[in-house]
>>> print(open('data27.cif').read())   # mmCIF, C-alpha atoms and all ligand atoms
data_work
loop_
_atom_site.label_atom_id
_atom_site.label_comp_id
_atom_site.auth_asym_id
_atom_site.auth_seq_id
_atom_site.Cartn_x
_atom_site.Cartn_y
_atom_site.Cartn_z
CA MET A 1207 -55.13 -32.61 -132.01
CA ARG A 1208 -53.76 -31.29 -135.29
CA LEU A 1209 -49.96 -31.13 -135.22
CA ILE A 1210 -47.38 -29.46 -137.40
CA HIS A 1211 -43.91 -30.98 -137.13
CA GLN A 1212 -40.81 -28.87 -137.66
CA GLY A 1213 -37.56 -30.87 -137.54
CA LEU A 1214 -37.75 -34.52 -138.52
CA GLY A 1215 -34.57 -35.98 -137.06
CA SER A 1216 -34.69 -38.93 -134.73
CA ILE A 1217 -36.52 -36.92 -132.07
CA GLY A 1218 -39.11 -35.27 -134.33
CA LEU A 1219 -39.92 -38.56 -136.07
CA GLY A 1220 -40.13 -40.47 -132.78
CA ILE A 1221 -42.61 -37.94 -131.39
CA ALA A 1222 -44.63 -38.00 -134.62
CA ARG A 1223 -44.88 -41.80 -134.47
CA LEU A 1224 -46.07 -41.76 -130.87
CA ALA A 1225 -48.45 -38.85 -131.42
CA LEU A 1226 -50.08 -40.68 -134.34
CA GLU A 1227 -50.46 -43.78 -132.14
CA ARG A 1228 -52.21 -41.58 -129.58
CA GLY A 1229 -54.77 -40.48 -132.19
CA HIS A 1230 -53.34 -37.06 -133.03
CA THR A 1231 -53.13 -35.97 -136.67
CA VAL A 1232 -50.05 -34.56 -138.36
CA VAL A 1233 -51.29 -31.96 -140.84
CA ALA A 1234 -47.95 -30.57 -142.05
CA ALA A 1235 -44.28 -31.41 -141.71
CA CYS A 1236 -41.15 -29.49 -142.52
CA ASP A 1237 -37.42 -30.18 -142.43
CA LEU A 1238 -34.44 -28.48 -144.08
CA ASP A 1239 -32.81 -31.75 -145.14
CA PRO A 1240 -33.26 -31.99 -148.93
CA ALA A 1241 -33.21 -35.80 -148.65
CA LYS A 1242 -36.50 -35.65 -146.71
CA ALA A 1243 -38.18 -32.88 -148.72
CA GLY A 1244 -40.92 -34.07 -151.05
CA GLN A 1245 -41.33 -37.41 -149.26
CA ASP A 1246 -44.55 -38.44 -147.58
CA LEU A 1247 -44.15 -38.29 -143.80
CA GLY A 1248 -45.47 -41.86 -143.60
CA ALA A 1249 -42.51 -43.04 -145.70
CA LEU A 1250 -40.05 -41.39 -143.28
CA LEU A 1251 -41.86 -43.11 -140.42
CA GLY A 1252 -41.90 -46.47 -142.20
CA ILE A 1253 -45.70 -46.61 -142.19
CA SER A 1254 -48.47 -46.18 -144.79
CA PRO A 1255 -48.66 -42.83 -146.60
CA LEU A 1256 -50.20 -40.05 -144.50
CA GLY A 1257 -50.82 -37.60 -147.35
CA VAL A 1258 -48.43 -35.13 -145.70
CA GLU A 1259 -45.57 -34.10 -147.97
CA VAL A 1260 -42.44 -32.91 -146.15
CA THR A 1261 -41.52 -29.38 -147.16
CA THR A 1262 -38.45 -27.23 -146.55
CA ASP A 1263 -40.78 -24.19 -146.44
CA ALA A 1264 -41.64 -23.64 -142.78
CA ALA A 1265 -43.73 -20.54 -143.54
CA ALA A 1266 -45.95 -22.59 -145.88
CA ALA A 1267 -46.28 -25.39 -143.32
CA LEU A 1268 -47.31 -22.91 -140.62
CA GLN A 1269 -50.22 -21.73 -142.77
CA THR A 1270 -51.93 -25.11 -142.39
CA PRO A 1271 -54.74 -24.87 -139.80
CA ALA A 1272 -53.41 -26.68 -136.71
CA ASP A 1273 -53.29 -26.67 -132.90
CA ILE A 1274 -49.68 -27.32 -131.89
CA LEU A 1275 -46.24 -27.04 -133.46
CA VAL A 1276 -43.97 -29.90 -132.41
CA HIS A 1277 -40.59 -28.25 -132.79
CA CYS A 1278 -37.38 -30.35 -132.85
CA THR A 1279 -34.76 -28.47 -134.83
CA GLY A 1280 -32.03 -27.20 -132.50
CA SER A 1281 -30.62 -26.71 -129.03
CA ARG A 1282 -29.75 -23.01 -128.91
CA LEU A 1283 -32.51 -20.49 -128.18
CA ARG A 1284 -31.04 -17.69 -130.29
CA THR A 1285 -30.93 -19.99 -133.33
CA VAL A 1286 -34.48 -21.26 -133.02
CA LEU A 1287 -36.13 -18.06 -131.75
CA PRO A 1288 -37.28 -16.87 -135.20
CA GLN A 1289 -38.84 -20.33 -135.78
CA LEU A 1290 -40.69 -20.15 -132.46
CA GLU A 1291 -41.82 -16.58 -133.07
CA ALA A 1292 -43.19 -17.50 -136.50
CA ALA A 1293 -45.23 -20.32 -134.94
CA VAL A 1294 -46.55 -18.03 -132.22
CA GLU A 1295 -47.52 -15.41 -134.80
CA ALA A 1296 -49.36 -18.18 -136.69
CA GLY A 1297 -51.42 -18.74 -133.52
CA LEU A 1298 -49.94 -22.13 -132.62
CA ASP A 1299 -49.08 -23.57 -129.23
CA VAL A 1300 -45.50 -24.85 -129.27
CA ALA A 1301 -43.93 -27.97 -127.74
CA SER A 1302 -40.20 -27.72 -128.39
CA THR A 1303 -37.23 -29.93 -127.53
CA CYS A 1304 -34.83 -26.95 -127.73
CA GLU A 1305 -32.72 -27.44 -124.60
CA GLU A 1306 -32.22 -23.75 -123.82
CA LEU A 1307 -35.98 -23.17 -124.02
CA ALA A 1308 -36.49 -25.44 -120.99
CA TYR A 1309 -35.63 -22.53 -118.70
CA PRO A 1310 -34.39 -19.49 -120.66
CA TRP A 1311 -35.11 -16.81 -118.00
CA HIS A 1312 -31.68 -16.99 -116.33
CA HIS A 1313 -29.36 -17.09 -119.35
CA HIS A 1314 -31.51 -15.39 -122.00
CA PRO A 1315 -33.89 -13.11 -120.11
CA GLY A 1316 -34.44 -10.71 -123.02
CA GLU A 1317 -35.37 -13.46 -125.48
CA ALA A 1318 -37.56 -15.15 -122.85
CA ARG A 1319 -39.47 -11.91 -122.18
CA ARG A 1320 -39.95 -11.26 -125.90
CA LEU A 1321 -41.27 -14.76 -126.56
CA ASP A 1322 -43.48 -14.69 -123.47
CA GLU A 1323 -45.02 -11.35 -124.48
CA ALA A 1324 -45.64 -12.54 -128.04
CA ALA A 1325 -47.24 -15.78 -126.80
CA ARG A 1326 -49.53 -13.92 -124.38
CA ARG A 1327 -50.49 -11.44 -127.08
CA ARG A 1328 -51.46 -14.29 -129.42
CA GLY A 1329 -53.03 -16.38 -126.63
CA VAL A 1330 -50.78 -19.41 -127.15
CA THR A 1331 -48.50 -21.50 -124.93
CA VAL A 1332 -44.82 -22.26 -125.55
CA VAL A 1333 -43.00 -24.93 -123.53
CA GLY A 1334 -39.52 -26.47 -123.71
CA LEU A 1335 -39.73 -30.20 -123.06
CA GLY A 1336 -37.55 -33.29 -123.01
CA VAL A 1337 -35.79 -35.69 -120.71
CA ASN A 1338 -32.69 -33.64 -119.94
CA PRO A 1339 -33.43 -30.83 -119.63
CA GLY A 1340 -37.12 -31.22 -118.91
CA PHE A 1341 -37.37 -34.23 -116.62
CA VAL A 1342 -34.59 -36.23 -114.92
CA MET A 1343 -32.42 -33.38 -113.65
CA ASP A 1344 -35.07 -30.69 -113.07
CA ALA A 1345 -38.81 -31.54 -113.21
CA LEU A 1346 -38.29 -34.80 -111.30
CA PRO A 1347 -36.21 -33.18 -108.51
CA ILE A 1348 -38.74 -30.33 -108.33
CA MET A 1349 -41.59 -32.83 -107.92
CA LEU A 1350 -39.63 -34.73 -105.28
CA THR A 1351 -39.61 -31.61 -103.08
CA SER A 1352 -43.40 -31.75 -102.78
CA PRO A 1353 -43.41 -33.81 -99.54
CA CYS A 1354 -40.73 -31.58 -97.94
CA ARG A 1355 -41.29 -28.86 -95.38
CA GLN A 1356 -37.76 -27.58 -95.91
CA VAL A 1357 -35.15 -27.99 -98.64
CA ASN A 1358 -31.51 -26.96 -98.15
CA ARG A 1359 -29.96 -28.38 -101.27
CA VAL A 1360 -30.85 -30.41 -104.35
CA THR A 1361 -28.41 -32.78 -106.05
CA ALA A 1362 -28.94 -34.92 -109.13
CA GLU A 1363 -26.65 -37.35 -110.85
CA ARG A 1364 -27.02 -38.90 -114.30
CA VAL A 1365 -24.64 -41.49 -115.74
CA VAL A 1366 -25.19 -42.55 -119.35
CA ASP A 1367 -23.19 -45.20 -121.20
CA VAL A 1368 -23.25 -43.58 -124.65
CA SER A 1369 -22.03 -46.73 -126.40
CA THR A 1370 -25.68 -47.82 -126.20
CA ARG A 1371 -26.88 -44.55 -127.79
CA ARG A 1372 -26.89 -42.85 -131.20
CA GLU A 1373 -23.64 -41.86 -132.91
CA ALA A 1374 -24.80 -38.23 -133.01
CA LEU A 1375 -24.92 -38.22 -129.21
CA GLN A 1376 -21.48 -39.81 -129.02
CA ARG A 1377 -20.12 -37.01 -131.23
CA LYS A 1378 -21.78 -34.36 -129.03
CA VAL A 1379 -19.89 -35.64 -125.99
CA GLY A 1380 -16.55 -35.85 -127.79
CA VAL A 1381 -16.09 -39.61 -128.21
CA GLY A 1382 -12.93 -40.37 -130.21
CA LEU A 1383 -11.33 -36.92 -129.89
CA THR A 1384 -7.95 -36.14 -128.40
CA PRO A 1385 -8.16 -34.32 -125.05
CA ASP A 1386 -6.85 -31.13 -126.76
CA ALA A 1387 -9.50 -31.27 -129.49
CA PHE A 1388 -12.11 -31.87 -126.77
CA GLN A 1389 -11.01 -28.77 -124.82
CA ALA A 1390 -11.10 -26.70 -128.02
CA GLY A 1391 -14.63 -27.97 -128.76
CA VAL A 1392 -15.77 -27.00 -125.27
CA ARG A 1393 -14.21 -23.52 -125.56
CA GLU A 1394 -15.95 -22.97 -128.90
CA GLY A 1395 -19.30 -24.20 -127.54
CA ARG A 1396 -19.42 -27.16 -129.99
CA LEU A 1397 -19.10 -29.83 -127.31
CA GLY A 1398 -20.92 -30.41 -124.09
CA HIS A 1399 -24.42 -31.10 -122.98
CA VAL A 1400 -26.70 -28.11 -123.58
CA GLY A 1401 -29.25 -27.48 -120.86
CA LEU A 1402 -27.58 -28.47 -117.59
CA ALA A 1403 -27.30 -24.87 -116.40
CA GLU A 1404 -30.92 -24.34 -117.47
CA SER A 1405 -31.95 -27.30 -115.29
CA ALA A 1406 -30.12 -25.78 -112.30
CA ALA A 1407 -31.81 -22.44 -112.91
CA MET A 1408 -35.19 -24.14 -113.24
CA ILE A 1409 -34.88 -25.95 -109.91
CA ALA A 1410 -33.84 -22.75 -108.12
CA ALA A 1411 -36.71 -20.79 -109.69
CA ALA A 1412 -39.30 -23.43 -108.81
CA LEU A 1413 -38.11 -23.44 -105.19
CA GLY A 1414 -38.18 -19.64 -105.05
CA TRP A 1415 -34.42 -19.36 -104.57
CA GLU A 1416 -32.73 -16.24 -105.92
CA VAL A 1417 -29.61 -17.28 -107.79
CA ALA A 1418 -26.35 -15.35 -107.42
CA ARG A 1419 -24.56 -17.36 -110.11
CA ILE A 1420 -24.49 -20.67 -111.93
CA SER A 1421 -21.13 -22.27 -112.70
CA GLU A 1422 -20.52 -25.03 -115.20
CA GLU A 1423 -17.50 -27.28 -115.62
CA ILE A 1424 -16.93 -29.69 -118.51
CA THR A 1425 -14.02 -32.15 -118.42
CA PRO A 1426 -13.21 -35.09 -120.69
CA VAL A 1427 -13.52 -38.71 -119.61
CA VAL A 1428 -10.35 -40.22 -121.08
CA GLY A 1429 -9.56 -43.88 -121.73
CA GLY A 1430 -6.17 -44.68 -123.28
CA ASP A 1431 -5.25 -41.49 -125.16
CA VAL A 1432 -8.74 -40.92 -126.42
CA VAL A 1433 -11.80 -39.10 -125.10
CA ARG A 1434 -14.63 -41.47 -124.18
CA GLY A 1435 -17.13 -38.80 -123.24
CA LEU A 1436 -17.65 -36.00 -120.79
CA HIS A 1437 -18.19 -35.16 -117.15
CA GLN A 1438 -20.22 -31.98 -116.71
CA VAL A 1439 -21.23 -30.35 -113.46
CA ALA A 1440 -23.52 -27.35 -112.99
CA ARG A 1441 -23.75 -25.60 -109.63
CA ALA A 1442 -26.24 -22.90 -108.68
CA TYR A 1443 -25.41 -20.61 -105.75
CA ARG A 1444 -28.10 -18.72 -103.85
CA ILE A 1445 -27.74 -15.02 -103.08
CA GLU A 1446 -28.17 -15.77 -99.39
CA GLY A 1447 -26.51 -19.16 -99.57
CA GLY A 1448 -22.83 -18.61 -98.76
CA GLU A 1449 -20.12 -20.66 -100.47
CA GLU A 1450 -22.06 -23.92 -100.75
CA PRO A 1451 -24.02 -24.50 -103.97
CA ALA A 1452 -27.76 -24.98 -103.45
CA VAL A 1453 -28.14 -27.08 -106.61
CA VAL A 1454 -25.53 -29.51 -107.93
CA LEU A 1455 -26.18 -31.41 -111.15
CA ASP A 1456 -23.57 -33.99 -112.07
CA LEU A 1457 -23.68 -35.59 -115.52
CA VAL A 1458 -21.43 -38.28 -116.99
CA MET A 1459 -22.03 -39.29 -120.60
CA ALA A 1460 -19.27 -41.63 -121.69
CA GLN A 1461 -18.57 -44.84 -123.60
CA GLY A 1462 -18.55 -47.74 -121.17
CA ALA A 1463 -19.53 -45.53 -118.17
CA ALA A 1464 -19.95 -47.83 -115.17
CA ASP A 1465 -23.30 -48.15 -113.39
CA PRO A 1466 -25.60 -46.04 -115.60
CA HIS A 1467 -28.33 -44.52 -113.43
CA ASP A 1468 -30.29 -41.45 -112.50
CA ALA A 1469 -30.27 -40.33 -108.88
CA VAL A 1470 -31.84 -37.37 -107.12
CA THR A 1471 -31.37 -36.32 -103.51
CA ILE A 1472 -33.43 -33.65 -101.84
CA HIS A 1473 -31.42 -32.59 -98.80
CA GLY A 1474 -34.11 -31.32 -96.51
CA VAL A 1475 -36.84 -32.31 -94.13
CA PRO A 1476 -37.49 -35.09 -94.85
CA GLU A 1477 -34.53 -36.15 -97.00
CA VAL A 1478 -35.70 -37.77 -100.23
CA HIS A 1479 -33.42 -40.01 -102.26
CA VAL A 1480 -34.48 -41.69 -105.49
CA VAL A 1481 -32.36 -43.89 -107.76
CA ILE A 1482 -33.40 -45.16 -111.18
CA PRO A 1483 -31.07 -48.08 -111.91
CA GLY A 1484 -29.99 -48.15 -115.55
CA GLY A 1485 -31.13 -44.56 -116.01
CA ILE A 1486 -33.89 -43.27 -118.26
CA HIS A 1487 -33.23 -43.64 -122.00
CA GLY A 1488 -32.98 -40.08 -123.31
CA ASP A 1489 -34.51 -40.36 -126.78
CA LEU A 1490 -37.34 -42.74 -125.89
CA ALA A 1491 -38.27 -40.63 -122.88
CA THR A 1492 -38.20 -37.41 -124.88
CA TRP A 1493 -40.60 -38.85 -127.47
CA ALA A 1494 -42.99 -39.89 -124.71
CA ILE A 1495 -42.72 -36.72 -122.63
CA VAL A 1496 -43.62 -34.52 -125.59
CA ALA A 1497 -46.46 -36.80 -126.74
CA ASN A 1498 -47.79 -37.03 -123.18
CA ALA A 1499 -47.61 -33.26 -122.69
CA LEU A 1500 -49.68 -32.30 -125.75
CA PRO A 1501 -53.10 -32.23 -124.02
CA ALA A 1502 -51.69 -30.26 -121.06
CA ILE A 1503 -50.13 -27.68 -123.39
CA LYS A 1504 -53.42 -27.25 -125.23
CA ASP A 1505 -55.17 -26.46 -121.90
CA ALA A 1506 -52.36 -24.34 -120.40
CA PRO A 1507 -52.54 -20.56 -119.96
CA PRO A 1508 -50.88 -18.42 -122.62
CA GLY A 1509 -47.22 -17.47 -122.39
CA LEU A 1510 -43.79 -19.06 -122.27
CA LEU A 1511 -43.96 -21.63 -119.46
CA PRO A 1512 -41.40 -23.85 -117.76
CA VAL A 1513 -42.52 -27.48 -117.63
CA TYR A 1514 -43.21 -27.30 -113.88
CA ARG A 1515 -46.00 -24.79 -114.56
CA LEU A 1516 -47.92 -27.47 -116.49
CA PRO A 1517 -50.15 -29.83 -114.52
CA LEU A 1518 -48.47 -33.11 -113.55
CA LEU A 1519 -47.56 -34.84 -116.82
CA HIS A 1520 -48.45 -38.48 -117.22
CA LEU A 1521 -49.21 -41.08 -119.81
CA THR A 1522 -52.68 -40.95 -121.30
CA ALA A 1523 -53.23 -43.91 -123.58
N1 LIG A 1601 -34.51 -31.70 -124.02
C1 LIG A 1601 -34.12 -32.93 -124.27
O1 LIG A 1601 -34.09 -33.77 -123.38
C2 LIG A 1601 -33.74 -33.35 -125.66
C3 LIG A 1601 -33.65 -34.71 -125.95
C4 LIG A 1601 -33.29 -35.09 -127.26
C5 LIG A 1601 -33.04 -34.11 -128.22
N2 LIG A 1601 -33.13 -32.80 -127.88
C6 LIG A 1601 -32.86 -31.76 -128.91
O2 LIG A 1601 -33.92 -31.80 -129.85
C7 LIG A 1601 -33.42 -31.37 -131.12
C8 LIG A 1601 -33.77 -32.43 -132.17
O3 LIG A 1601 -33.07 -33.62 -131.89
P1 LIG A 1601 -32.61 -34.63 -133.06
O4 LIG A 1601 -31.73 -35.61 -132.43
O5 LIG A 1601 -33.80 -35.08 -133.80
O6 LIG A 1601 -31.75 -33.62 -133.97
P2 LIG A 1601 -31.27 -33.82 -135.47
O7 LIG A 1601 -31.02 -35.26 -135.76
O8 LIG A 1601 -30.17 -32.82 -135.67
O9 LIG A 1601 -32.54 -33.40 -136.35
C9 LIG A 1601 -32.95 -32.08 -136.48
C10 LIG A 1601 -33.64 -31.95 -137.84
O10 LIG A 1601 -34.20 -30.63 -137.91
C11 LIG A 1601 -33.86 -30.09 -139.20
N3 LIG A 1601 -33.88 -28.64 -139.09
C12 LIG A 1601 -32.92 -27.81 -138.62
N4 LIG A 1601 -33.35 -26.53 -138.67
C13 LIG A 1601 -34.60 -26.56 -139.20
C14 LIG A 1601 -35.55 -25.57 -139.51
N5 LIG A 1601 -35.32 -24.27 -139.29
N6 LIG A 1601 -36.75 -25.96 -140.03
C15 LIG A 1601 -37.00 -27.27 -140.26
N7 LIG A 1601 -36.12 -28.26 -140.00
C16 LIG A 1601 -34.94 -27.90 -139.47
C17 LIG A 1601 -32.50 -30.67 -139.50
O11 LIG A 1601 -32.23 -30.59 -140.87
P3 LIG A 1601 -30.68 -30.46 -141.35
O12 LIG A 1601 -30.01 -31.70 -140.83
O13 LIG A 1601 -30.74 -30.38 -142.82
O14 LIG A 1601 -30.16 -29.22 -140.67
C18 LIG A 1601 -32.67 -32.11 -139.01
O15 LIG A 1601 -33.25 -32.91 -139.99
C19 LIG A 1601 -31.90 -31.22 -130.95
O16 LIG A 1601 -31.58 -29.86 -130.74
C20 LIG A 1601 -31.60 -32.03 -129.71
O17 LIG A 1601 -30.43 -31.60 -129.05
C21 LIG A 1601 -33.48 -32.40 -126.64
#
>>> encode(input="data27.cif", output="structure tokens")
Amino acid sequence: MRLIHQGLGSIGLGIARLALERGHTVVAACDLDPAKAGQDLGALLGISPLGVEVTTDAAAALQTPADILVHCTGSRLRTVLPQLEAAVEAGLDVASTCEELAYPWHHHPGEARRLDEAARRRGVTVVGLGVNPGFVMDALPIMLTSPCRQVNRVTAERVVDVSTRREALQRKVGVGLTPDAFQAGVREGRLGHVGLAESAAMIAAALGWEVARISEEITPVVGGDVVRGLHQVARAYRIEGGEEPAVVLDLVMAQGAADPHDAVTIHGVPEVHVVIPGGIHGDLATWAIVANALPAIKDAPPGLLPVYRLPLLHLTA
């Protein structure tokens, strides 16, 4: 497949590398960082030249005949919406790692409808993908309900020791801040994991549960006087569900967090409990999920789709 890459940070470059290994072709690449502009994409990837010069001009890149835009520029839907709309208007399918795109119908219904209508009109598919949101705390729990005749509640837990991860991630979860600075960052929307509430909404939607409200709580994990990371919990309450949340997603991302793991429990008939010791590495998994999803996106019906509307994703060598 012919790919255009928009956003060449660690995630965009990792996906490009894997996609090339899978036999796809990158025909254009764009990034706003002036340090990358003008370079051959191969140089940024540490491989032989590919004959693809990185441009800051997204509109020019989108004019290159291609099949899919691999979009890895930002987390907030309202920020990236014009980028996604431009790709759709150019007739491209879109695989994006924008967290809020994973399930925008609950929190951004107007934007979701607009993008869905545009994609249907142009006959292209737009999907938000990644590991979290996109897999461990939503698609995986949804898939684990498939052997159940009844589900009462879904809980998922993810513990990540961020000292083993990139500095950018450590900054996102507040490492090194004072507790006061952390609280200010949360209030201003600069700190916290984006996408947990979207995962809760996605699970409820897939299970056909009407959601009354989704709450989200972000507290610092403190060691000494300093913030080591965050503890974030999203709870989705069903309209008919009383006081108990139907979905509880519990995320710890902190330096030195004990017992990193992913765990999902489907409270139902039968009960299903899965633990992934060590947890799934976020960046590596996101590269693979997007690369593995490309053929499914190409074959998917037009519109804005949540990942669970794609056929079962899997590795295709
Ligand atoms: N769903 C998931 O599980 C998951 C997993 C990992 C990452 N993500 C998300 O995926 C996105 C990419 O991750 P990352 O770690 O690679 O981020 P990053 O290091 O911030 O890289 C993003 C790159 O995109 C560039 N950019 C920003 N706006 C652009 C635009 N309009 N056109 C072209 N390039 C643009 C940035 O340039 P400047 O630096 O000059 O702005 C930067 O080089 C982030 O939003 C991240 O949160 C999601």
>>> residues_around(input="data27.cif", residues="Leu1251 of chain A", least_positions_apart="3", cutoff="9 Å", atoms="only C-alpha atoms", output="PyMOL selection string")
chain A and resi 1219-1220+1222-1223+1246-1248+1254
>>> residues_around(input="data27.cif", residues="Val1481 of chain A", least_positions_apart="3", cutoff="10 Å", atoms="all atoms listed in the file", output="ChimeraX atom specification")
/A:1362-1364,1467-1471,1484-1485
>>> closest_residue(input="data27.cif", among="A:Met1408, A:Leu1268, A:Leu1250, A:Cys1278", to="ligand LIG 1601 (chain A)", atoms="all atoms listed in the file")
A:Cys1278
>>> residues_around(input="data27.cif", residues="Phe1388 of chain A", least_positions_apart="2", cutoff="9 Å", atoms="all atoms listed in the file", output="ChimeraX atom specification")
/A:1379-1381,1383-1386,1390-1393,1397,1425-1426,1433
>>> write_last_selection(input="data27.cif", atoms="C-alpha atoms", output="CSV table (one decimal), in the coordinates of the input")
chain,number,residue,atom,x,y,z
A,1379,VAL,CA,-19.9,-35.6,-126.0
A,1380,GLY,CA,-16.6,-35.8,-127.8
A,1381,VAL,CA,-16.1,-39.6,-128.2
A,1383,LEU,CA,-11.3,-36.9,-129.9
A,1384,THR,CA,-8.0,-36.1,-128.4
A,1385,PRO,CA,-8.2,-34.3,-125.0
A,1386,ASP,CA,-6.8,-31.1,-126.8
A,1390,ALA,CA,-11.1,-26.7,-128.0
A,1391,GLY,CA,-14.6,-28.0,-128.8
A,1392,VAL,CA,-15.8,-27.0,-125.3
A,1393,ARG,CA,-14.2,-23.5,-125.6
A,1397,LEU,CA,-19.1,-29.8,-127.3
A,1425,THR,CA,-14.0,-32.2,-118.4
A,1426,PRO,CA,-13.2,-35.1,-120.7
A,1433,VAL,CA,-11.8,-39.1,-125.1
>>> residues_near_ligand(input="data27.cif", ligand="ligand LIG 1601 (chain A)", cutoff="9 Å", atoms="all atoms listed in the file", output="NGL selection string")
:A and (1211-1220 or 1235-1242 or 1261-1264 or 1277-1282 or 1285-1286 or 1288-1289 or 1302-1308 or 1334-1342 or 1372 or 1374-1375 or 1399-1401 or 1488-1493)
>>> closest_residue(input="data27.cif", among="A:Gly1316, A:Gly1398, A:Gly1257, A:Pro1517", to="Ile1503 of chain A", atoms="all atoms listed in the file")
A:Pro1517
>>> closest_residue(input="data27.cif", among="A:Glu1373, A:Glu1450, A:Asp1505, A:Glu1323", to="Ile1274 of chain A", atoms="all atoms listed in the file")
A:Asp1505
>>> atom_distance(input="data27.cif", atom1="atom CA of Ala1411 of chain A", atom2="atom CA of Arg1359 of chain A")
13.2 Å
>>> atom_distance(input="data27.cif", atom1="atom CA of Ile1348 of chain A", atom2="atom CA of Ala1412 of chain A")
6.9 Å
>>> residues_around(input="data27.cif", residues="Arg1326 of chain A", least_positions_apart="4", cutoff="7 Å", atoms="only C-alpha atoms", output="PyMOL selection string")
chain A and resi 1322+1330+1508-1509
>>> write_last_selection(input="data27.cif", atoms="C-alpha atoms", output="PDB file, keeping the file's coordinate frame")
ATOM      1  CA  ASP A1322     -43.480 -14.690-123.470  1.00  0.00           C
ATOM      2  CA  VAL A1330     -50.780 -19.410-127.150  1.00  0.00           C
ATOM      3  CA  PRO A1508     -50.880 -18.420-122.620  1.00  0.00           C
ATOM      4  CA  GLY A1509     -47.220 -17.470-122.390  1.00  0.00           C
TER       5      GLY A1509
END
>>> closest_residue(input="data27.cif", among="A:Val1513, A:Ala1324, A:Ala1225, A:Leu1283", to="Leu1500 of chain A", atoms="all atoms listed in the file")
A:Ala1225
>>> closest_residue(input="data27.cif", among="A:Ala1494, A:Ala1318, A:Val1427, A:Ile1472", to="Ala1523 of chain A", atoms="all atoms listed in the file")
A:Ala1494
>>> residues_around(input="data27.cif", residues="Val1454 of chain A", least_positions_apart="3", cutoff="9 Å", atoms="all atoms listed in the file", output="ChimeraX atom specification")
/A:1359-1363,1406,1439-1442,1451
>>> axis_aligned_box(input="data27.cif", around="segment 1327-1333 of chain A", padding_each_side="4 Å", output="AutoDock Vina command-line options")
--center_x -48.0 --center_y -18.2 --center_z -126.5 --size_x 18.0 --size_y 21.5 --size_z 13.9
>>> atom_distance(input="data27.cif", atom1="atom CA of Val1478 of chain A", atom2="atom CA of Met1349 of chain A")
10.9 Å
>>> closest_residue(input="data27.cif", among="A:Leu1436, A:Val1366, A:Ile1409, A:Ala1502", to="Pro1466 of chain A", atoms="all atoms listed in the file")
A:Val1366
